[in-house]
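Source file: work09.txt (compact mmCIF, C-alpha atoms and all ligand atoms)
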```
# COMPACT_ATOMS: atom_id res chain seq x y z
CA MET U 1 -10.30 -8.48 -3.39
CA LEU U 2 -8.02 -11.31 -4.35
CA LYS U 3 -8.33 -12.74 -0.89
CA ARG U 4 -12.06 -12.82 -1.28
CA PHE U 5 -11.73 -14.42 -4.69
CA MET U 6 -9.43 -17.08 -3.30
CA ALA U 7 -11.89 -17.78 -0.52
CA ILE U 8 -14.60 -18.32 -3.08
CA VAL U 9 -12.45 -20.65 -5.13
CA LEU U 10 -11.30 -22.61 -2.11
CA THR U 11 -14.79 -23.27 -0.89
CA LEU U 12 -15.75 -24.80 -4.20
CA CYS U 13 -16.75 -28.35 -4.34
CA ILE U 14 -17.36 -30.09 -7.60
CA PHE U 15 -19.57 -33.12 -7.28
CA SER U 16 -19.69 -35.83 -9.82
CA CYS U 17 -22.30 -38.43 -10.36
CA GLY U 18 -21.55 -39.29 -13.99
CA LEU U 19 -24.53 -40.03 -16.14
CA ALA U 20 -24.05 -39.98 -19.88
CA LEU U 21 -27.03 -39.26 -22.08
CA ALA U 22 -27.29 -39.34 -25.86
CA ASP U 23 -24.26 -38.99 -28.13
CA GLU U 24 -24.22 -35.24 -28.13
CA ASP U 25 -25.24 -34.04 -24.68
CA TYR U 26 -23.78 -35.18 -21.41
CA ILE U 27 -24.92 -34.48 -17.91
CA GLU U 28 -22.03 -34.97 -15.58
CA SER U 29 -22.33 -33.58 -12.11
CA GLU U 30 -24.18 -30.29 -12.30
CA PHE U 31 -23.61 -29.47 -15.96
CA GLU U 32 -25.08 -30.49 -19.24
CA TYR U 33 -22.60 -29.94 -22.04
CA THR U 34 -21.77 -30.96 -25.60
CA ALA U 35 -18.85 -32.94 -26.93
CA ASP U 36 -17.44 -29.83 -28.59
CA GLY U 37 -17.26 -27.95 -25.32
CA ASN U 38 -20.46 -25.92 -24.90
CA VAL U 39 -21.98 -25.73 -21.45
CA VAL U 40 -25.71 -25.68 -22.14
CA LYS U 41 -27.47 -26.16 -18.81
CA TYR U 42 -26.84 -26.13 -15.09
CA TYR U 43 -28.56 -28.00 -12.28
CA GLY U 44 -26.27 -27.34 -9.31
CA GLY U 45 -26.19 -25.14 -6.24
CA GLU U 46 -26.16 -21.41 -5.95
CA TYR U 47 -22.42 -21.00 -6.31
CA VAL U 48 -21.22 -22.03 -9.76
CA TYR U 49 -17.70 -23.09 -10.65
CA VAL U 50 -17.31 -23.75 -14.35
CA PRO U 51 -14.27 -25.99 -14.88
CA SER U 52 -12.28 -26.06 -18.12
CA VAL U 53 -12.27 -29.84 -18.32
CA LEU U 54 -15.06 -32.22 -17.31
CA TYR U 55 -14.61 -35.96 -17.75
CA GLY U 56 -12.10 -35.49 -20.52
CA THR U 57 -14.17 -32.93 -22.38
CA THR U 58 -12.57 -29.52 -22.73
CA LEU U 59 -15.15 -26.82 -22.01
CA LEU U 60 -14.67 -23.68 -24.09
CA ARG U 61 -17.95 -21.85 -24.27
CA ILE U 62 -20.95 -21.08 -22.13
CA ALA U 63 -23.88 -21.42 -24.50
CA ASP U 64 -26.61 -18.82 -25.10
CA ASN U 65 -29.13 -18.71 -22.21
CA ALA U 66 -27.28 -21.44 -20.28
CA PHE U 67 -27.73 -19.86 -16.83
CA MET U 68 -30.57 -17.51 -17.66
CA ASP U 69 -32.96 -16.64 -14.81
CA LEU U 70 -31.39 -19.11 -12.37
CA GLY U 71 -31.29 -18.43 -8.63
CA ILE U 72 -27.50 -18.65 -8.57
CA THR U 73 -25.49 -16.10 -6.59
CA GLY U 74 -21.88 -16.33 -7.69
CA VAL U 75 -19.93 -17.63 -10.65
CA SER U 76 -16.29 -18.43 -11.14
CA ILE U 77 -15.06 -19.56 -14.56
CA GLU U 78 -11.81 -21.45 -14.83
CA GLU U 79 -8.93 -20.42 -17.09
CA GLY U 80 -9.44 -21.96 -20.51
CA LEU U 81 -12.95 -20.89 -21.42
CA VAL U 82 -13.13 -18.39 -24.28
CA GLU U 83 -16.75 -17.38 -24.73
CA ILE U 84 -19.89 -16.45 -22.83
CA GLY U 85 -22.98 -16.71 -25.04
CA LYS U 86 -25.92 -14.40 -25.54
CA GLU U 87 -27.97 -13.78 -22.41
CA ALA U 88 -26.06 -16.60 -20.77
CA PHE U 89 -26.59 -15.22 -17.23
CA SER U 90 -29.30 -12.68 -17.92
CA GLY U 91 -31.93 -12.21 -15.23
CA SER U 92 -30.06 -14.40 -12.75
CA ASN U 93 -29.38 -13.41 -9.11
CA ILE U 94 -25.59 -13.41 -9.36
CA THR U 95 -23.75 -10.90 -7.17
CA ASN U 96 -20.23 -11.63 -8.40
CA ILE U 97 -18.46 -13.26 -11.31
CA SER U 98 -14.83 -14.11 -12.03
CA ILE U 99 -13.87 -14.11 -15.71
CA PRO U 100 -10.62 -15.86 -16.71
CA SER U 101 -7.79 -14.29 -18.69
CA THR U 102 -8.52 -16.65 -21.59
CA MET U 103 -11.96 -15.11 -22.21
CA GLU U 104 -12.20 -13.66 -25.73
CA ASN U 105 -15.82 -12.87 -26.27
CA ILE U 106 -18.77 -11.94 -24.07
CA LYS U 107 -21.85 -11.80 -26.24
CA ASP U 108 -24.99 -9.65 -26.28
CA GLY U 109 -26.92 -9.34 -23.06
CA ALA U 110 -24.78 -11.94 -21.25
CA PHE U 111 -25.36 -10.27 -17.85
CA ALA U 112 -28.34 -8.11 -18.69
CA TYR U 113 -30.81 -7.51 -15.87
CA CYS U 114 -28.61 -9.13 -13.23
CA ALA U 115 -29.90 -6.60 -10.70
CA GLU U 116 -27.76 -7.96 -7.83
CA LEU U 117 -24.48 -7.95 -9.74
CA LYS U 118 -21.89 -5.95 -7.76
CA ASP U 119 -18.40 -7.34 -8.40
CA VAL U 120 -16.95 -8.42 -11.74
CA PHE U 121 -13.38 -9.75 -11.72
CA ILE U 122 -11.64 -9.76 -15.09
CA PHE U 123 -8.32 -11.54 -14.80
CA GLY U 124 -6.75 -10.40 -18.05
CA ASN U 125 -7.07 -10.36 -21.81
CA LYS U 126 -6.67 -6.89 -23.22
CA GLY U 127 -8.46 -7.89 -26.41
CA MET U 128 -11.65 -9.27 -24.88
CA GLN U 129 -14.73 -8.34 -26.94
CA PHE U 130 -18.03 -7.22 -25.49
CA GLY U 131 -21.28 -7.56 -27.45
CA GLU U 132 -24.19 -5.19 -27.04
CA ASN U 133 -26.03 -4.59 -23.76
CA VAL U 134 -23.81 -7.05 -21.92
CA PHE U 135 -24.49 -5.33 -18.58
CA ALA U 136 -27.73 -3.54 -19.50
CA GLY U 137 -30.19 -3.03 -16.66
CA THR U 138 -27.66 -3.59 -13.86
CA GLY U 139 -26.96 -1.38 -10.84
CA LYS U 140 -23.63 -0.11 -9.55
CA ILE U 141 -20.84 -2.54 -10.43
CA THR U 142 -17.17 -2.57 -9.46
CA PHE U 143 -15.02 -4.03 -12.23
CA TYR U 144 -11.72 -5.44 -11.02
CA ILE U 145 -9.45 -5.24 -14.05
CA ALA U 146 -6.08 -6.95 -14.39
CA CYS U 147 -3.15 -4.53 -14.37
CA GLU U 148 -2.05 -5.62 -17.85
CA CYS U 149 -5.22 -4.11 -19.32
CA ASP U 150 -5.53 -0.47 -20.33
CA ASN U 151 -7.77 1.04 -17.70
CA GLY U 152 -8.95 3.97 -19.84
CA ALA U 153 -9.78 1.81 -22.85
CA PHE U 154 -11.70 -0.61 -20.63
CA TRP U 155 -13.67 2.24 -19.16
CA GLU U 156 -14.89 3.25 -22.64
CA ARG U 157 -15.79 -0.31 -23.62
CA LEU U 158 -17.66 -0.88 -20.37
CA LYS U 159 -19.62 2.31 -20.91
CA ILE U 160 -21.01 0.81 -24.12
CA ALA U 161 -21.51 -2.66 -22.60
CA LYS U 162 -23.36 -1.22 -19.61
CA GLY U 163 -25.19 1.67 -21.23
CA ASP U 164 -24.53 4.01 -18.29
CA ASP U 165 -21.60 5.15 -16.17
CA ASN U 166 -22.74 3.62 -12.90
CA TYR U 167 -19.56 1.64 -12.28
CA GLU U 168 -16.03 1.93 -11.02
CA ILE U 169 -12.79 0.23 -11.92
CA GLU U 170 -10.21 -1.17 -9.52
CA VAL U 171 -6.91 -2.56 -10.69
CA ILE U 172 -5.93 -6.05 -9.53
CA HIS U 173 -2.69 -7.98 -9.90
CA PRO U 174 -3.72 -11.57 -10.63
CA ASN U 175 -0.23 -13.07 -10.81
CA MET U 176 1.71 -12.38 -7.64
CA SER U 177 4.92 -14.06 -6.52
CA ALA U 178 6.47 -13.88 -3.07
CA THR U 179 9.64 -11.79 -2.74
CA ASP U 180 12.42 -11.78 -0.13
CA GLU U 181 11.35 -8.35 1.03
CA THR U 182 9.15 -7.71 4.01
CA ASP U 183 6.91 -4.75 4.70
CA LEU U 184 6.90 -2.44 7.72
CA PHE U 185 4.98 -5.09 9.66
CA GLY U 186 7.36 -7.94 8.83
CA ALA U 187 5.02 -9.61 6.32
CA THR U 188 6.39 -10.98 3.05
CA MET U 189 5.83 -8.63 0.12
CA GLY U 190 4.48 -9.86 -3.20
CA LYS U 191 5.62 -8.82 -6.68
CA CYS U 192 3.28 -8.69 -9.65
CA ASP U 193 4.58 -10.87 -12.50
CA ASP U 194 2.79 -8.68 -15.03
CA CYS U 195 3.50 -5.07 -14.07
CA GLY U 196 6.33 -5.52 -11.58
CA ILE U 197 4.76 -3.61 -8.70
CA THR U 198 5.76 -4.79 -5.22
CA ILE U 199 2.95 -4.70 -2.68
CA SER U 200 2.17 -5.58 0.91
CA GLN U 201 -0.47 -8.19 1.65
CA TYR U 202 -2.20 -5.60 3.81
CA ASP U 203 -4.19 -3.50 1.41
CA PHE U 204 -4.02 -0.13 3.09
CA ASP U 205 -1.56 2.70 2.50
CA ILE U 206 1.30 3.11 4.93
CA TYR U 207 0.14 6.35 6.38
CA GLU U 208 -0.60 7.94 9.69
CA PRO U 209 -1.63 11.54 10.03
CA PHE U 210 -0.64 12.09 13.66
CA ASN U 211 1.83 14.81 14.70
CA ASP U 212 2.61 13.02 17.97
CA VAL U 213 3.60 9.64 16.47
CA SER U 214 7.11 9.87 15.08
CA GLU U 215 8.64 7.30 12.77
CA ASP U 216 11.33 6.39 15.31
CA SER U 217 8.94 5.71 18.17
CA TRP U 218 8.65 2.04 19.21
CA TYR U 219 4.93 2.09 18.53
CA TYR U 220 5.02 3.72 15.04
CA LYS U 221 4.31 0.53 13.06
CA TYR U 222 1.61 -0.52 15.50
CA VAL U 223 -0.25 2.78 15.24
CA VAL U 224 0.04 2.68 11.43
CA PHE U 225 -1.32 -0.87 11.42
CA ALA U 226 -4.15 -0.47 13.94
CA TYR U 227 -5.19 2.79 12.27
CA GLY U 228 -4.82 1.35 8.76
CA MET U 229 -6.99 -1.63 9.69
CA GLY U 230 -9.63 0.80 10.90
CA ILE U 231 -9.55 -0.48 14.49
CA VAL U 232 -8.39 2.73 16.21
CA ASN U 233 -8.74 6.40 15.49
CA GLY U 234 -6.84 9.39 16.73
CA LYS U 235 -8.09 11.72 19.43
CA SER U 236 -8.40 14.18 16.57
CA GLU U 237 -7.33 14.17 12.93
CA THR U 238 -3.76 15.00 13.87
CA VAL U 239 -3.40 13.84 17.49
CA PHE U 240 -3.11 10.19 18.50
CA ASP U 241 -2.13 10.77 22.16
CA PRO U 242 0.10 7.67 22.53
CA GLU U 243 0.58 8.20 26.28
CA GLY U 244 -3.12 8.77 26.93
CA THR U 245 -5.40 6.25 28.60
CA MET U 246 -8.36 4.40 27.13
CA THR U 247 -11.76 3.81 28.67
CA CYS U 248 -13.34 0.38 29.10
CA ALA U 249 -15.93 1.40 26.50
CA GLU U 250 -13.22 2.27 23.96
CA ALA U 251 -11.56 -1.10 24.60
CA ALA U 252 -14.92 -2.87 24.16
CA LYS U 253 -15.33 -1.11 20.82
CA ILE U 254 -11.88 -2.35 19.80
CA ALA U 255 -12.59 -5.92 20.93
CA ALA U 256 -15.87 -5.92 19.00
CA SER U 257 -14.19 -4.44 15.92
CA ILE U 258 -11.38 -7.03 15.97
CA ARG U 259 -13.88 -9.89 16.19
CA ALA U 260 -16.01 -8.43 13.39
CA SER U 261 -12.96 -7.90 11.18
CA GLN U 262 -11.83 -11.50 11.74
CA THR U 263 -15.24 -13.00 11.01
CA THR U 264 -18.00 -11.30 9.05
CA GLY U 265 -16.20 -8.06 8.24
CA GLU U 266 -19.41 -6.26 9.19
CA GLN U 267 -19.40 -2.73 10.57
CA ILE U 268 -21.06 -2.45 13.95
CA VAL U 269 -23.45 0.48 13.82
CA PRO U 270 -23.57 2.58 16.99
CA MET U 271 -27.07 2.78 18.47
CA GLY U 272 -28.63 3.10 21.90
CA ALA U 273 -28.39 5.74 24.59
CA LYS U 274 -24.59 5.71 24.86
CA TRP U 275 -22.20 5.76 21.91
CA TYR U 276 -20.73 2.42 23.03
CA ASP U 277 -23.92 0.44 23.73
CA ALA U 278 -23.85 -1.44 20.42
CA TYR U 279 -20.20 -2.50 20.91
CA VAL U 280 -20.76 -3.65 24.49
CA ASP U 281 -23.88 -5.58 23.44
CA TYR U 282 -21.93 -7.20 20.62
CA CYS U 283 -19.20 -8.28 23.09
CA TYR U 284 -21.79 -9.99 25.30
CA GLU U 285 -23.59 -11.55 22.34
CA MET U 286 -20.38 -13.01 20.95
CA GLY U 287 -19.31 -14.29 24.34
CA ILE U 288 -16.27 -12.01 24.35
CA ILE U 289 -17.52 -10.82 27.75
CA GLU U 290 -19.11 -13.45 29.96
CA ASP U 291 -22.55 -12.62 31.36
CA TYR U 292 -21.41 -12.27 34.96
CA ILE U 293 -18.61 -9.81 34.16
CA THR U 294 -19.23 -6.07 34.12
CA PHE U 295 -16.97 -3.10 33.65
CA ASP U 296 -17.25 0.51 34.64
CA TRP U 297 -17.44 1.58 30.99
CA GLU U 298 -16.40 5.19 31.33
CA LYS U 299 -13.37 4.70 33.57
CA PRO U 300 -9.85 4.11 32.21
CA ILE U 301 -9.25 0.42 31.55
CA THR U 302 -6.43 -1.44 33.30
CA ARG U 303 -3.98 -3.71 31.51
CA GLY U 304 -5.56 -6.72 33.24
CA GLU U 305 -9.06 -5.79 32.11
CA MET U 306 -7.84 -5.15 28.59
CA ALA U 307 -6.14 -8.56 28.56
CA TYR U 308 -9.54 -10.09 29.32
CA LEU U 309 -11.21 -8.34 26.37
CA PHE U 310 -8.36 -8.70 23.90
CA SER U 311 -7.65 -12.35 24.69
CA ARG U 312 -11.28 -13.31 24.35
CA CYS U 313 -12.10 -11.33 21.18
CA ASP U 314 -9.47 -13.17 19.14
CA PHE U 315 -11.35 -15.59 16.89
CA TYR U 316 -8.25 -17.34 15.49
CA PRO U 317 -6.04 -18.19 18.45
CA TYR U 318 -2.48 -18.84 17.33
CA TYR U 319 0.17 -19.65 19.91
CA ILE U 320 3.91 -19.17 19.59
CA ASN U 321 5.05 -19.26 23.24
CA GLU U 322 4.53 -21.47 26.26
CA VAL U 323 4.92 -19.31 29.32
CA PRO U 324 4.38 -20.77 32.81
CA LEU U 325 2.33 -18.43 34.98
CA THR U 326 5.16 -18.48 37.49
CA ASP U 327 7.34 -16.65 34.95
CA ILE U 328 5.20 -13.53 35.25
CA PRO U 329 6.35 -12.05 38.59
CA ASP U 330 3.30 -9.87 39.27
CA VAL U 331 0.51 -12.19 38.11
CA TYR U 332 -0.74 -15.04 40.33
CA ASP U 333 -3.58 -17.47 39.74
CA THR U 334 -5.64 -15.31 42.08
CA THR U 335 -5.03 -12.17 40.00
CA PRO U 336 -8.18 -11.15 38.12
CA TYR U 337 -8.00 -12.32 34.50
CA ALA U 338 -4.70 -14.17 35.15
CA TYR U 339 -5.36 -16.76 32.45
CA GLU U 340 -6.33 -14.18 29.85
CA ILE U 341 -3.11 -12.33 30.65
CA LEU U 342 -1.16 -15.56 30.26
CA ASP U 343 -2.98 -16.22 26.98
CA LEU U 344 -1.60 -12.98 25.56
CA TYR U 345 1.96 -14.00 26.51
CA ASP U 346 1.46 -17.41 24.90
CA LYS U 347 0.24 -15.78 21.70
CA GLY U 348 3.19 -13.37 21.62
CA VAL U 349 0.78 -10.45 21.97
CA ALA U 350 2.03 -9.33 25.41
CA THR U 351 5.63 -9.47 26.60
CA GLY U 352 5.61 -7.48 29.82
CA ASP U 353 8.60 -5.38 30.78
CA VAL U 354 12.24 -6.47 31.22
CA ASP U 355 11.45 -9.12 33.85
CA PHE U 356 8.14 -10.11 32.14
CA SER U 357 6.07 -8.21 34.71
CA PHE U 358 2.64 -7.35 33.33
CA HIS U 359 1.49 -4.57 35.68
CA PRO U 360 -2.15 -5.72 35.54
CA ASP U 361 -3.45 -2.78 37.60
CA ALA U 362 -1.75 -0.07 35.56
CA ASN U 363 -3.84 1.86 33.06
CA VAL U 364 -3.40 0.98 29.41
CA LYS U 365 -1.64 3.53 27.25
CA ARG U 366 -3.04 4.04 23.77
CA SER U 367 0.34 3.15 22.24
CA GLU U 368 0.28 -0.18 24.12
CA ALA U 369 -3.25 -0.86 22.96
CA ALA U 370 -2.14 -0.26 19.35
CA ALA U 371 0.65 -2.82 19.82
CA PHE U 372 -1.73 -5.44 21.26
CA ILE U 373 -4.26 -4.90 18.48
CA SER U 374 -1.59 -5.18 15.77
CA ARG U 375 -0.13 -8.39 17.16
CA ILE U 376 -3.57 -10.00 17.47
CA ILE U 377 -4.42 -9.31 13.83
CA GLY U 378 -0.95 -9.39 12.23
CA TYR U 379 0.83 -12.62 13.20
CA GLU U 380 4.13 -11.29 11.84
CA MET U 381 4.23 -8.78 14.68
CA ARG U 382 3.90 -11.33 17.47
CA ILE U 383 6.91 -11.62 19.73
CA GLU U 384 8.63 -14.88 20.48
CA LEU U 385 9.79 -15.03 24.07
CA PRO U 386 12.97 -16.79 25.17
CA LYS U 387 12.26 -20.23 26.64
CA GLY U 388 12.88 -21.01 30.31
ZN ZN U 401 0.31 -5.94 -11.74
```

Would you mind writing the file's structure down as structure tokens?
Amino acid sequence: MLKRFMAIVLTLCIFSCGLALADEDYIESEFEYTADGNVVKYYGGEYVYVPSVLYGTTLLRIADNAFMDLGITGVSIEEGLVEIGKEAFSGSNITNISIPSTMENIKDGAFAYCAELKDVFIFGNKGMQFGENVFAGTGKITFYIACECDNGAFWERLKIAKGDDNYEIEVIHPNMSATDETDLFGATMGKCDDCGITISQYDFDIYEPFNDVSEDSWYYKYVVFAYGMGIVNGKSETVFDPEGTMTCAEAAKIAASIRASQTTGEQIVPMGAKWYDAYVDYCYEMGIIEDYITFDWEKPITRGEMAYLFSRCDFYPYYINEVPLTDIPDVYDTTPYAYEILDLYDKGVATGDVDFSFHPDANVKRSEAAAFISRIIGYEMRIELPKG
């Protein structure tokens, strides 16, 4: 959730084209505001960032009706503002809003009839007051509440503000600092400055339900990761089958899922005659598989074929090695998919065996696939190869 919030904040762009009006009201950039810090009107784009200072004026309050009925879709309010006025956003198209920890008062009907509103981030302030019908006439909302707030008390206050119980609460930790500790995957852990909890940047539980994946196996962390990220499943609820093979269709599903997770985050919905048609189609559409390449979808995939899919599905190429092709004893420039195989070595995704051999014609084991998947998505797990 925080990652998404950061993305929203980072894409902000505040334009300024200063134009002062009468003594009392100013229009600077997209906002009209008063000298004593009330934002009264908005003329900007669909994503709103309300700053706490604009041309030397400290903004404190969003006035009654300021954003009412506008076609805006998201709002982020900077730390410093203390009040949202009556019906300030009512009837608008907003889907998400971020409320700063300095907010003290959200007045009557502020978000009433925002039918699209789904995510409300509240970054702190245990004492924040809600007026009446603040969220009246809204659908299902997830409230992301700072850990310093009392979850149960918030639940009761929201029930009154919303007028129904069609909402859920998730706890967020707005003030994280990096620690010296690393998680199972080698990524730096963060510690919450407010409640002290130490958490991994990967927001899934360290958990794998498989009887045949022991904690001391070399592939344990990879299976946990690839499973936790939702990219692979077991053969059953309790069996992963680490030594088992994988079909070309299963690998295409993985390639499609990696690309989707790195870009839109969408879930690809299976449809068509075969269970894998939608994934294969997606791979062709995204250019992961070139038009002239075909696979025998139901046969076990080789390591070379998998290198082709896994090298090409990676939307954010990141290289840590420079391996000459001549360093891989069993891969020549005439070997099918030689340059995709090399690409995986250069990214630290593949390492080969002791003498760097890749065994391109061998079938992929599911444990190996889990390792490749993990290293593509989690940069901390990539392997630096000795030079020369
Ligand atoms: Zn916390």

Selection near segment 115-131 of chain U, 7 Å with only C-alpha atoms, sequence-local residues under 6 positions removed, as a PyMOL selection string: chain U and resi 93-108+137-146+148-149+161+174

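Residues in contact with ligand ZN 401 (chain U) comprise Cys147, His173, Cys192, Asp194, Cys195 and Ile197 of chain U, where contact means an atom-to-atom distance of at most 6 Å counting all atoms listed in the file.
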
Set out as a tab-separated table a contact list for segment 201-277 of chain U and segment 287-296 of chain U with a cut-off of 12 Å, giving each residue of segment 201-277 of chain U that qualifies its closest atom pair and distance in Å to one decimal, counting all atoms listed in the file, ordered by chain and rising residue number.
```
residue	atom	partner	partner_atom	distance
U:Thr247	CA	U:Asp296	CA	8.8
U:Cys248	CA	U:Phe295	CA	6.8
U:Ala249	CA	U:Asp296	CA	8.3
U:Glu250	CA	U:Asp296	CA	11.5
U:Ala251	CA	U:Phe295	CA	10.7
U:Ala252	CA	U:Ile289	CA	9.1
U:Lys253	CA	U:Ile288	CA	11.5
U:Ile254	CA	U:Ile288	CA	11.5
U:Ala255	CA	U:Ile288	CA	7.9
U:Ala256	CA	U:Ile288	CA	8.1
U:Ser257	CA	U:Ile288	CA	11.5
U:Ile258	CA	U:Ile288	CA	10.9
U:Arg259	CA	U:Ile288	CA	8.8
U:Ala260	CA	U:Ile288	CA	11.5
```

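Counting all atoms listed in the file and comparing U:Asp355, U:Glu243, U:Asp193, U:Glu87, the residue that lies closest to Glu368 of chain U is U:Glu243.
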
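Distances to Gly304 of chain U were evaluated for U:Val331, U:Cys114, U:Ile172, U:Ile77 using only C-alpha atoms, and the minimum falls at U:Val331.
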
Point-to-point distance from atom CA of Thr198 of chain U to atom CA of Asp183 of chain U, Å rounded to tenths: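 Here the two named atoms are 10.0 Å from each other.
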
Export segment 238-257 of chain U, C-alpha atoms, as an mmCIF file, in the first residue's frame; it's the structure right above.
```
data_model
loop_
_atom_site.group_PDB
_atom_site.id
_atom_site.type_symbol
_atom_site.label_atom_id
_atom_site.label_comp_id
_atom_site.auth_asym_id
_atom_site.auth_seq_id
_atom_site.Cartn_x
_atom_site.Cartn_y
_atom_site.Cartn_z
ATOM 1 C CA THR U 238 1.007 -29.843 0.403
ATOM 2 C CA VAL U 239 3.223 -31.069 -2.455
ATOM 3 C CA PHE U 240 5.535 -28.795 -4.432
ATOM 4 C CA ASP U 241 7.458 -31.544 -6.290
ATOM 5 C CA PRO U 242 10.806 -29.702 -6.483
ATOM 6 C CA GLU U 243 12.394 -32.371 -8.709
ATOM 7 C CA GLY U 244 9.423 -32.514 -11.075
ATOM 8 C CA THR U 245 9.410 -31.047 -14.560
ATOM 9 C CA MET U 246 7.336 -28.181 -15.913
ATOM 10 C CA THR U 247 5.486 -27.968 -19.212
ATOM 11 C CA CYS U 248 5.977 -25.187 -21.755
ATOM 12 C CA ALA U 249 2.439 -24.029 -20.965
ATOM 13 C CA GLU U 250 3.227 -23.763 -17.241
ATOM 14 C CA ALA U 251 6.352 -21.751 -18.059
ATOM 15 C CA ALA U 252 4.325 -19.464 -20.355
ATOM 16 C CA LYS U 253 1.893 -18.871 -17.497
ATOM 17 C CA ILE U 254 4.832 -17.933 -15.261
ATOM 18 C CA ALA U 255 6.348 -15.612 -17.878
ATOM 19 C CA ALA U 256 2.992 -13.890 -18.360
ATOM 20 C CA SER U 257 2.462 -13.607 -14.600
#
```
